[in-house]
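Data first, discussion second: the structure below is written as structure tokens.
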Amino acid sequence: MPELPEVETVRRGLAPALENATLTAVQVRIPKLRWPLPPDLAERLIGNRVERLTRRAKYLLVHMSDGCVVIIHLGMSGHMTVWPEDAPTPGRHDHIDFVTDAGAVIRFTDPRRFGAVLLDHADTIDDHKLLSKLGPDPLSNQFNAEELARRLKGRSSPIKAALMDQRIVAGLGNIYVCESLFRSAISPKRKSGTVQGKRAEALTAAIRGVLADAIAAGGTSLRDHVSPDGTLGYFQHQFSVYGRQGEACPGCTCDIEKTGGIQRLVQAGRSTFYCSRRQR
DNA sequence: CGGCAAACCTGCGAGC
DNA sequence: TGCTCGCAGGTTTGCC
């Protein structure tokens, strides 16, 4: 499910229930997600206060008052919901409950179990194996056309693959890469190294714009994504190309018979959607 | 280092 | 109705 906008939606939804709350119980009902859960997770968190909830790329970081940091990744199908009181009986994919002193239950659900919940410490978090190699967050000041161009320079791989690589820019996934390439009129097959100058500027602006629009829409709800209060995102209604193969390109005025409409191809094992006429 | 397929899981829709 | 197949928002790992 979750790319940057969905994770940011989750962060914003969880913050009111978690920030400044003390955890009174942590119920872990599964031994492992993507990796084994820290055996001392509950022990380390109970009685501890949540100071801040932040996001790094697609990772949620829960900063505790004693310096410990909970790293949460939602994988493909993870979501988190807040129950202010009386949470329902956990279902088979409801793996972890965090209970606050206000009586709220913050529940981690993940059918495919590609997600992760790990522990680290504020002093070492930047060096954590999963975080240390991440590229700039596309909404931060570290991300701009010059920086993106520099990171793409000399690369022969297709731009689609480079944007999916979290070391180049961190937070995009399949949907937002497709949509950003469409907005900047760049072919997903274009060699990364040729995205310089004006193209890098257009791509940077497109990525920022797509992400901002998606966050404003509460993310994309195709199957699993719901915000912590249970509401659905609606950015899927604004897709230009994702999942729209065979449909008319929203940017082309000419006959769909001539253009073939939106195409689908597979790159590095993932579906790419694009308009071959508009995107070069 | 680059690039790709496989692996980790469950669920859903399409087609037979 | 029920089976099989392909596909799904991610990321790591291992192989060439």
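Residues in the structure tokens are named by chain (A, B, ... in the order shown) and by number from 1 within that chain; ligands are numbered from 1 in the order shown.
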Mind listing as a PDB file with C-alpha atoms (C1' of nucleotides), in the first residue's frame which residues of chain B are within 8 Å of chain A, counting only C-alpha atoms (C1' of nucleotides)?
```pdb
ATOM      1  C1'  DC B   4      17.260  -8.674 -12.529  1.00  0.00           C
ATOM      2  C1'  DC B   8       8.691 -12.992   1.885  1.00  0.00           C
ATOM      3  C1'  DC B   9       2.846 -13.312   2.568  1.00  0.00           C
ATOM      4  C1'  DT B  10      -2.397 -12.940   1.873  1.00  0.00           C
TER       5       DT B  10
END
```
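The residues of chain A lying at most 8 Å from chain C, with only C-alpha atoms (C1' of nucleotides) taken into account, are Met1, Pro2, Glu3, Gly75, Met76, Ser77, Phe114, Gly173, Asn174, Ile175 and Leu222 of chain A.
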remark   = One decimal place gives the CA of Thr24 (chain A)-CA of Val50 (chain A) separation as 11.3 Å
Enumerate, as a PDB file with N, CA and C atoms, in the first residue's frame, the complete set of residues in region 50-237 of chain A that a backbone-based DSSP assignment places in helix (DSSP H, G or I).
```
ATOM      1  N   ILE A 125      19.854   6.428  15.431  1.00  0.00           N
ATOM      2  CA  ILE A 125      18.804   6.195  14.454  1.00  0.00           C
ATOM      3  C   ILE A 125      19.244   6.526  13.023  1.00  0.00           C
ATOM      4  N   ASP A 126      20.057   7.583  12.880  1.00  0.00           N
ATOM      5  CA  ASP A 126      20.487   7.966  11.526  1.00  0.00           C
ATOM      6  C   ASP A 126      21.402   6.918  10.900  1.00  0.00           C
ATOM      7  N   ASP A 127      22.020   6.108  11.726  1.00  0.00           N
ATOM      8  CA  ASP A 127      22.919   5.076  11.218  1.00  0.00           C
ATOM      9  C   ASP A 127      22.224   3.725  11.088  1.00  0.00           C
ATOM     10  N   ALA A 145      16.291  20.161  -8.089  1.00  0.00           N
ATOM     11  CA  ALA A 145      16.652  19.690  -9.434  1.00  0.00           C
ATOM     12  C   ALA A 145      18.142  19.386  -9.551  1.00  0.00           C
ATOM     13  N   GLU A 146      18.978  20.229  -8.962  1.00  0.00           N
ATOM     14  CA  GLU A 146      20.427  20.018  -9.072  1.00  0.00           C
ATOM     15  C   GLU A 146      20.822  18.716  -8.391  1.00  0.00           C
ATOM     16  N   GLU A 147      20.260  18.490  -7.204  1.00  0.00           N
ATOM     17  CA  GLU A 147      20.586  17.293  -6.455  1.00  0.00           C
ATOM     18  C   GLU A 147      20.094  16.038  -7.181  1.00  0.00           C
ATOM     19  N   LEU A 148      18.885  16.102  -7.704  1.00  0.00           N
ATOM     20  CA  LEU A 148      18.355  14.945  -8.438  1.00  0.00           C
ATOM     21  C   LEU A 148      19.211  14.667  -9.677  1.00  0.00           C
ATOM     22  N   ALA A 149      19.547  15.714 -10.418  1.00  0.00           N
ATOM     23  CA  ALA A 149      20.366  15.558 -11.629  1.00  0.00           C
ATOM     24  C   ALA A 149      21.719  14.933 -11.287  1.00  0.00           C
ATOM     25  N   ARG A 150      22.276  15.378 -10.173  1.00  0.00           N
ATOM     26  CA  ARG A 150      23.575  14.843  -9.755  1.00  0.00           C
ATOM     27  C   ARG A 150      23.477  13.340  -9.463  1.00  0.00           C
ATOM     28  N   ARG A 151      22.384  12.954  -8.800  1.00  0.00           N
ATOM     29  CA  ARG A 151      22.221  11.550  -8.434  1.00  0.00           C
ATOM     30  C   ARG A 151      21.909  10.660  -9.638  1.00  0.00           C
ATOM     31  N   LEU A 152      21.367  11.258 -10.684  1.00  0.00           N
ATOM     32  CA  LEU A 152      21.008  10.479 -11.875  1.00  0.00           C
ATOM     33  C   LEU A 152      22.151  10.421 -12.887  1.00  0.00           C
ATOM     34  N   ILE A 159      14.763   5.621 -16.094  1.00  0.00           N
ATOM     35  CA  ILE A 159      14.416   6.576 -15.040  1.00  0.00           C
ATOM     36  C   ILE A 159      13.374   6.007 -14.080  1.00  0.00           C
ATOM     37  N   LYS A 160      12.484   5.155 -14.599  1.00  0.00           N
ATOM     38  CA  LYS A 160      11.486   4.507 -13.727  1.00  0.00           C
ATOM     39  C   LYS A 160      12.170   3.742 -12.604  1.00  0.00           C
ATOM     40  N   ALA A 161      13.177   2.951 -12.988  1.00  0.00           N
ATOM     41  CA  ALA A 161      13.877   2.139 -11.989  1.00  0.00           C
ATOM     42  C   ALA A 161      14.634   3.021 -11.001  1.00  0.00           C
ATOM     43  N   ALA A 162      15.232   4.097 -11.485  1.00  0.00           N
ATOM     44  CA  ALA A 162      16.010   4.973 -10.610  1.00  0.00           C
ATOM     45  C   ALA A 162      15.113   5.639  -9.572  1.00  0.00           C
ATOM     46  N   LEU A 163      13.914   6.035  -9.990  1.00  0.00           N
ATOM     47  CA  LEU A 163      13.012   6.708  -9.042  1.00  0.00           C
ATOM     48  C   LEU A 163      12.417   5.735  -8.028  1.00  0.00           C
ATOM     49  N   MET A 164      12.383   4.467  -8.381  1.00  0.00           N
ATOM     50  CA  MET A 164      11.922   3.441  -7.438  1.00  0.00           C
ATOM     51  C   MET A 164      13.015   3.109  -6.414  1.00  0.00           C
ATOM     52  N   ASN A 174       5.500   2.722  -6.773  1.00  0.00           N
ATOM     53  CA  ASN A 174       5.071   2.500  -8.151  1.00  0.00           C
ATOM     54  C   ASN A 174       4.046   3.528  -8.647  1.00  0.00           C
ATOM     55  N   ILE A 175       3.078   3.829  -7.832  1.00  0.00           N
ATOM     56  CA  ILE A 175       2.034   4.768  -8.269  1.00  0.00           C
ATOM     57  C   ILE A 175       2.606   6.154  -8.538  1.00  0.00           C
ATOM     58  N   TYR A 176       3.311   6.696  -7.552  1.00  0.00           N
ATOM     59  CA  TYR A 176       3.727   8.097  -7.651  1.00  0.00           C
ATOM     60  C   TYR A 176       4.882   8.291  -8.614  1.00  0.00           C
ATOM     61  N   VAL A 177       5.667   7.235  -8.867  1.00  0.00           N
ATOM     62  CA  VAL A 177       6.675   7.323  -9.927  1.00  0.00           C
ATOM     63  C   VAL A 177       5.975   7.430 -11.282  1.00  0.00           C
ATOM     64  N   CYS A 178       4.994   6.576 -11.523  1.00  0.00           N
ATOM     65  CA  CYS A 178       4.261   6.638 -12.800  1.00  0.00           C
ATOM     66  C   CYS A 178       3.603   8.001 -12.984  1.00  0.00           C
ATOM     67  N   GLU A 179       2.960   8.484 -11.960  1.00  0.00           N
ATOM     68  CA  GLU A 179       2.241   9.759 -12.064  1.00  0.00           C
ATOM     69  C   GLU A 179       3.203  10.940 -12.234  1.00  0.00           C
ATOM     70  N   SER A 180       4.332  10.885 -11.551  1.00  0.00           N
ATOM     71  CA  SER A 180       5.309  11.984 -11.663  1.00  0.00           C
ATOM     72  C   SER A 180       5.939  12.021 -13.052  1.00  0.00           C
ATOM     73  N   LEU A 181       6.230  10.846 -13.600  1.00  0.00           N
ATOM     74  CA  LEU A 181       6.808  10.811 -14.945  1.00  0.00           C
ATOM     75  C   LEU A 181       5.795  11.326 -15.970  1.00  0.00           C
ATOM     76  N   PHE A 182       4.532  11.005 -15.765  1.00  0.00           N
ATOM     77  CA  PHE A 182       3.508  11.531 -16.670  1.00  0.00           C
ATOM     78  C   PHE A 182       3.452  13.059 -16.581  1.00  0.00           C
ATOM     79  N   ARG A 183       3.418  13.561 -15.382  1.00  0.00           N
ATOM     80  CA  ARG A 183       3.303  15.025 -15.206  1.00  0.00           C
ATOM     81  C   ARG A 183       4.476  15.776 -15.794  1.00  0.00           C
ATOM     82  N   SER A 192      18.350   7.241 -17.186  1.00  0.00           N
ATOM     83  CA  SER A 192      18.403   8.151 -16.032  1.00  0.00           C
ATOM     84  C   SER A 192      19.371   9.310 -16.242  1.00  0.00           C
ATOM     85  N   GLY A 193      20.538   8.977 -16.794  1.00  0.00           N
ATOM     86  CA  GLY A 193      21.589   9.974 -16.940  1.00  0.00           C
ATOM     87  C   GLY A 193      21.223  11.135 -17.845  1.00  0.00           C
ATOM     88  N   THR A 194      20.195  10.945 -18.685  1.00  0.00           N
ATOM     89  CA  THR A 194      19.797  12.023 -19.597  1.00  0.00           C
ATOM     90  C   THR A 194      18.749  12.942 -18.970  1.00  0.00           C
ATOM     91  N   GLY A 197      19.217  19.134 -16.302  1.00  0.00           N
ATOM     92  CA  GLY A 197      18.731  20.463 -16.687  1.00  0.00           C
ATOM     93  C   GLY A 197      17.227  20.627 -16.583  1.00  0.00           C
ATOM     94  N   LYS A 198      16.622  21.042 -17.696  1.00  0.00           N
ATOM     95  CA  LYS A 198      15.177  21.321 -17.714  1.00  0.00           C
ATOM     96  C   LYS A 198      14.345  20.101 -17.329  1.00  0.00           C
ATOM     97  N   ARG A 199      14.783  18.932 -17.801  1.00  0.00           N
ATOM     98  CA  ARG A 199      14.021  17.715 -17.473  1.00  0.00           C
ATOM     99  C   ARG A 199      14.082  17.415 -15.985  1.00  0.00           C
ATOM    100  N   ALA A 200      15.220  17.618 -15.395  1.00  0.00           N
ATOM    101  CA  ALA A 200      15.354  17.388 -13.946  1.00  0.00           C
ATOM    102  C   ALA A 200      14.486  18.384 -13.182  1.00  0.00           C
ATOM    103  N   GLU A 201      14.424  19.591 -13.690  1.00  0.00           N
ATOM    104  CA  GLU A 201      13.571  20.602 -13.040  1.00  0.00           C
ATOM    105  C   GLU A 201      12.101  20.214 -13.153  1.00  0.00           C
ATOM    106  N   ALA A 202      11.707  19.790 -14.345  1.00  0.00           N
ATOM    107  CA  ALA A 202      10.308  19.399 -14.553  1.00  0.00           C
ATOM    108  C   ALA A 202       9.953  18.198 -13.674  1.00  0.00           C
ATOM    109  N   LEU A 203      10.880  17.247 -13.588  1.00  0.00           N
ATOM    110  CA  LEU A 203      10.619  16.045 -12.794  1.00  0.00           C
ATOM    111  C   LEU A 203      10.539  16.369 -11.304  1.00  0.00           C
ATOM    112  N   THR A 204      11.421  17.208 -10.845  1.00  0.00           N
ATOM    113  CA  THR A 204      11.396  17.625  -9.439  1.00  0.00           C
ATOM    114  C   THR A 204      10.064  18.277  -9.086  1.00  0.00           C
ATOM    115  N   ALA A 205       9.637  19.195  -9.952  1.00  0.00           N
ATOM    116  CA  ALA A 205       8.369  19.891  -9.702  1.00  0.00           C
ATOM    117  C   ALA A 205       7.199  18.917  -9.760  1.00  0.00           C
ATOM    118  N   ALA A 206       7.262  17.962 -10.696  1.00  0.00           N
ATOM    119  CA  ALA A 206       6.175  16.989 -10.838  1.00  0.00           C
ATOM    120  C   ALA A 206       6.070  16.105  -9.597  1.00  0.00           C
ATOM    121  N   ILE A 207       7.223  15.649  -9.102  1.00  0.00           N
ATOM    122  CA  ILE A 207       7.229  14.794  -7.907  1.00  0.00           C
ATOM    123  C   ILE A 207       6.637  15.548  -6.720  1.00  0.00           C
ATOM    124  N   ARG A 208       7.093  16.768  -6.526  1.00  0.00           N
ATOM    125  CA  ARG A 208       6.570  17.573  -5.419  1.00  0.00           C
ATOM    126  C   ARG A 208       5.068  17.790  -5.545  1.00  0.00           C
ATOM    127  N   GLY A 209       4.635  18.101  -6.778  1.00  0.00           N
ATOM    128  CA  GLY A 209       3.221  18.392  -7.006  1.00  0.00           C
ATOM    129  C   GLY A 209       2.343  17.173  -6.789  1.00  0.00           C
ATOM    130  N   VAL A 210       2.774  16.043  -7.320  1.00  0.00           N
ATOM    131  CA  VAL A 210       1.997  14.807  -7.170  1.00  0.00           C
ATOM    132  C   VAL A 210       1.876  14.432  -5.695  1.00  0.00           C
ATOM    133  N   LEU A 211       2.994  14.502  -4.986  1.00  0.00           N
ATOM    134  CA  LEU A 211       2.967  14.124  -3.563  1.00  0.00           C
ATOM    135  C   LEU A 211       2.088  15.074  -2.754  1.00  0.00           C
ATOM    136  N   ALA A 212       2.193  16.370  -3.044  1.00  0.00           N
ATOM    137  CA  ALA A 212       1.377  17.342  -2.312  1.00  0.00           C
ATOM    138  C   ALA A 212      -0.103  17.102  -2.578  1.00  0.00           C
ATOM    139  N   ASP A 213      -0.447  16.855  -3.839  1.00  0.00           N
ATOM    140  CA  ASP A 213      -1.852  16.590  -4.179  1.00  0.00           C
ATOM    141  C   ASP A 213      -2.354  15.319  -3.493  1.00  0.00           C
ATOM    142  N   ALA A 214      -1.479  14.304  -3.466  1.00  0.00           N
ATOM    143  CA  ALA A 214      -1.882  13.028  -2.871  1.00  0.00           C
ATOM    144  C   ALA A 214      -2.064  13.156  -1.356  1.00  0.00           C
ATOM    145  N   ILE A 215      -1.181  13.893  -0.711  1.00  0.00           N
ATOM    146  CA  ILE A 215      -1.322  14.091   0.741  1.00  0.00           C
ATOM    147  C   ILE A 215      -2.614  14.858   1.027  1.00  0.00           C
ATOM    148  N   ALA A 216      -2.879  15.872   0.190  1.00  0.00           N
ATOM    149  CA  ALA A 216      -4.105  16.659   0.381  1.00  0.00           C
ATOM    150  C   ALA A 216      -5.348  15.790   0.237  1.00  0.00           C
ATOM    151  N   PHE A 235      -7.014   9.905  -3.673  1.00  0.00           N
ATOM    152  CA  PHE A 235      -6.147  10.325  -4.787  1.00  0.00           C
ATOM    153  C   PHE A 235      -6.299   9.405  -6.005  1.00  0.00           C
ATOM    154  N   GLN A 236      -6.772   8.164  -5.788  1.00  0.00           N
ATOM    155  CA  GLN A 236      -6.951   7.250  -6.930  1.00  0.00           C
ATOM    156  C   GLN A 236      -7.874   7.831  -7.998  1.00  0.00           C
ATOM    157  N   HIS A 237      -8.763   8.721  -7.589  1.00  0.00           N
ATOM    158  CA  HIS A 237      -9.658   9.346  -8.568  1.00  0.00           C
ATOM    159  C   HIS A 237      -8.939  10.395  -9.411  1.00  0.00           C
TER     160      HIS A 237
END
```
inquiry  = I'd like the interatomic distance between CA of Leu232 (chain A) and CA of Arg29 (chain A), to a tenth of an Å.
reply    = 26.1 Å
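If you measure from each of A:Leu134, A:Ala87, A:Ala122, A:Val26 to Arg167 (chain A) using only C-alpha atoms, the closest one turns out to be A:Leu134.
Taking CA of Tyr59 (chain A) and CA of Pro84 (chain A) as endpoints, the distance between them is 23.7 Å.
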Output as a compact mmCIF listing (two decimals) with N, CA, C and O atoms, in the first residue's frame all residues of region 32-173 of chain A that backbone DSSP marks as strand (DSSP E or B).
```
# COMPACT_ATOMS: atom_id res chain seq x y z
N LYS A 32 6.74 -12.53 14.24
CA LYS A 32 7.50 -11.77 13.26
C LYS A 32 6.61 -11.18 12.18
O LYS A 32 5.56 -11.73 11.84
N PRO A 36 11.73 -10.65 12.75
CA PRO A 36 11.21 -10.93 14.08
C PRO A 36 10.97 -9.63 14.85
O PRO A 36 11.76 -8.69 14.73
N ARG A 49 6.74 7.57 27.57
CA ARG A 49 5.88 8.56 26.94
C ARG A 49 6.33 8.81 25.50
O ARG A 49 7.53 8.86 25.20
N VAL A 50 5.36 8.98 24.60
CA VAL A 50 5.67 9.30 23.21
C VAL A 50 5.90 10.80 23.10
O VAL A 50 5.03 11.59 23.47
N GLU A 51 7.07 11.17 22.63
CA GLU A 51 7.35 12.60 22.48
C GLU A 51 6.90 13.12 21.13
O GLU A 51 6.22 14.13 21.03
N ARG A 52 7.30 12.41 20.07
CA ARG A 52 7.01 12.90 18.74
C ARG A 52 6.86 11.76 17.76
O ARG A 52 7.48 10.70 17.90
N LEU A 53 6.06 12.00 16.75
CA LEU A 53 5.88 11.03 15.68
C LEU A 53 6.40 11.70 14.41
O LEU A 53 5.88 12.74 14.00
N THR A 54 7.43 11.12 13.79
CA THR A 54 7.98 11.72 12.58
C THR A 54 7.97 10.67 11.46
O THR A 54 7.65 9.50 11.68
N ARG A 55 8.32 11.13 10.26
CA ARG A 55 8.37 10.24 9.10
C ARG A 55 9.69 10.44 8.38
O ARG A 55 10.14 11.57 8.20
N ARG A 56 10.32 9.34 8.00
CA ARG A 56 11.51 9.41 7.14
C ARG A 56 11.18 8.51 5.95
O ARG A 56 11.05 7.29 6.13
N TYR A 59 9.07 5.38 6.33
CA TYR A 59 9.17 4.89 7.71
C TYR A 59 8.52 5.86 8.68
O TYR A 59 8.74 7.07 8.60
N LEU A 60 7.75 5.32 9.60
CA LEU A 60 7.24 6.11 10.72
C LEU A 60 8.21 5.93 11.89
O LEU A 60 8.64 4.81 12.17
N LEU A 61 8.52 7.01 12.57
CA LEU A 61 9.43 6.94 13.71
C LEU A 61 8.71 7.47 14.94
O LEU A 61 8.25 8.62 14.96
N VAL A 62 8.60 6.62 15.95
CA VAL A 62 7.95 7.01 17.20
C VAL A 62 9.05 7.28 18.23
O VAL A 62 9.74 6.36 18.67
N HIS A 63 9.23 8.56 18.56
CA HIS A 63 10.30 8.96 19.48
C HIS A 63 9.78 8.94 20.91
O HIS A 63 8.85 9.67 21.24
N MET A 64 10.41 8.13 21.75
CA MET A 64 9.97 7.98 23.14
C MET A 64 10.79 8.87 24.07
O MET A 64 11.93 9.23 23.75
N CYS A 68 14.38 5.97 23.25
CA CYS A 68 14.17 4.83 22.38
C CYS A 68 13.25 5.24 21.22
O CYS A 68 12.42 6.15 21.35
N VAL A 69 13.47 4.65 20.04
CA VAL A 69 12.71 5.00 18.84
C VAL A 69 12.11 3.73 18.24
O VAL A 69 12.82 2.76 18.00
N VAL A 70 10.81 3.75 17.99
CA VAL A 70 10.16 2.63 17.32
C VAL A 70 10.12 2.94 15.83
O VAL A 70 9.62 3.99 15.43
N ILE A 71 10.68 2.04 15.03
CA ILE A 71 10.69 2.19 13.58
C ILE A 71 9.56 1.34 13.02
O ILE A 71 9.51 0.13 13.25
N ILE A 72 8.65 1.96 12.29
CA ILE A 72 7.51 1.23 11.74
C ILE A 72 7.48 1.39 10.23
O ILE A 72 7.57 2.50 9.71
N HIS A 73 7.38 0.26 9.52
CA HIS A 73 7.18 0.29 8.07
C HIS A 73 5.93 -0.51 7.76
O HIS A 73 5.71 -1.57 8.34
N HIS A 79 -1.65 -1.14 7.70
CA HIS A 79 -2.25 0.12 8.08
C HIS A 79 -2.38 0.20 9.59
O HIS A 79 -2.22 -0.78 10.30
N MET A 80 -2.65 1.41 10.08
CA MET A 80 -2.78 1.61 11.52
C MET A 80 -4.07 2.36 11.78
O MET A 80 -4.40 3.29 11.05
N THR A 81 -4.77 1.93 12.80
CA THR A 81 -6.03 2.59 13.13
C THR A 81 -6.04 2.96 14.60
O THR A 81 -5.42 2.30 15.43
N VAL A 82 -6.74 4.05 14.90
CA VAL A 82 -6.88 4.51 16.28
C VAL A 82 -8.29 4.22 16.76
O VAL A 82 -9.27 4.60 16.10
N TRP A 83 -8.39 3.56 17.90
CA TRP A 83 -9.68 3.35 18.56
C TRP A 83 -9.64 4.13 19.86
O TRP A 83 -8.93 3.75 20.78
N ASP A 94 -4.64 -8.37 12.78
CA ASP A 94 -4.36 -7.28 13.74
C ASP A 94 -3.23 -7.74 14.65
O ASP A 94 -3.45 -8.45 15.63
N HIS A 95 -2.00 -7.34 14.33
CA HIS A 95 -0.83 -7.97 14.95
C HIS A 95 -0.36 -7.31 16.24
O HIS A 95 0.18 -7.98 17.11
N ILE A 96 -0.51 -5.99 16.33
CA ILE A 96 0.01 -5.30 17.52
C ILE A 96 -0.98 -4.22 17.97
O ILE A 96 -1.54 -3.51 17.14
N ASP A 97 -1.20 -4.12 19.28
CA ASP A 97 -1.96 -3.00 19.86
C ASP A 97 -1.05 -2.20 20.78
O ASP A 97 -0.36 -2.76 21.62
N PHE A 98 -1.06 -0.88 20.61
CA PHE A 98 -0.39 0.03 21.54
C PHE A 98 -1.51 0.75 22.30
O PHE A 98 -2.35 1.40 21.69
N VAL A 99 -1.50 0.61 23.63
CA VAL A 99 -2.57 1.20 24.43
C VAL A 99 -2.02 2.40 25.20
O VAL A 99 -0.94 2.30 25.81
N THR A 100 -2.74 3.53 25.15
CA THR A 100 -2.27 4.74 25.83
C THR A 100 -3.00 4.96 27.15
O THR A 100 -4.05 4.36 27.40
N VAL A 105 -6.50 2.79 21.72
CA VAL A 105 -5.76 1.65 21.18
C VAL A 105 -5.30 2.01 19.78
O VAL A 105 -6.11 2.38 18.92
N ILE A 106 -3.98 1.94 19.56
CA ILE A 106 -3.41 2.16 18.23
C ILE A 106 -3.03 0.79 17.70
O ILE A 106 -2.17 0.12 18.26
N ARG A 107 -3.71 0.38 16.63
CA ARG A 107 -3.64 -1.01 16.19
C ARG A 107 -2.89 -1.11 14.86
O ARG A 107 -3.21 -0.40 13.91
N PHE A 108 -1.92 -2.01 14.81
CA PHE A 108 -1.15 -2.28 13.58
C PHE A 108 -1.72 -3.52 12.91
O PHE A 108 -1.74 -4.60 13.50
N THR A 109 -2.17 -3.36 11.68
CA THR A 109 -2.79 -4.44 10.91
C THR A 109 -2.01 -4.64 9.62
O THR A 109 -1.66 -3.66 8.97
N ALA A 116 7.18 -3.90 9.10
CA ALA A 116 8.22 -4.10 10.10
C ALA A 116 7.97 -3.18 11.29
O ALA A 116 7.49 -2.06 11.14
N VAL A 117 8.28 -3.70 12.49
CA VAL A 117 8.29 -2.89 13.71
C VAL A 117 9.59 -3.23 14.43
O VAL A 117 9.81 -4.38 14.80
N LEU A 118 10.46 -2.23 14.54
CA LEU A 118 11.78 -2.45 15.11
C LEU A 118 12.08 -1.39 16.16
O LEU A 118 11.40 -0.36 16.21
N LEU A 119 13.07 -1.63 16.96
CA LEU A 119 13.47 -0.68 18.00
C LEU A 119 14.88 -0.18 17.74
O LEU A 119 15.75 -0.95 17.33
N ASP A 120 15.08 1.10 17.99
CA ASP A 120 16.43 1.64 17.95
C ASP A 120 16.50 2.77 18.98
O ASP A 120 15.57 2.92 19.78
N HIS A 121 17.57 3.55 18.94
CA HIS A 121 17.73 4.62 19.91
C HIS A 121 18.00 5.92 19.17
O HIS A 121 18.61 5.93 18.10
N PRO A 158 16.81 2.74 -16.69
CA PRO A 158 15.67 3.58 -17.00
C PRO A 158 15.26 4.44 -15.80
O PRO A 158 15.41 4.02 -14.65
```
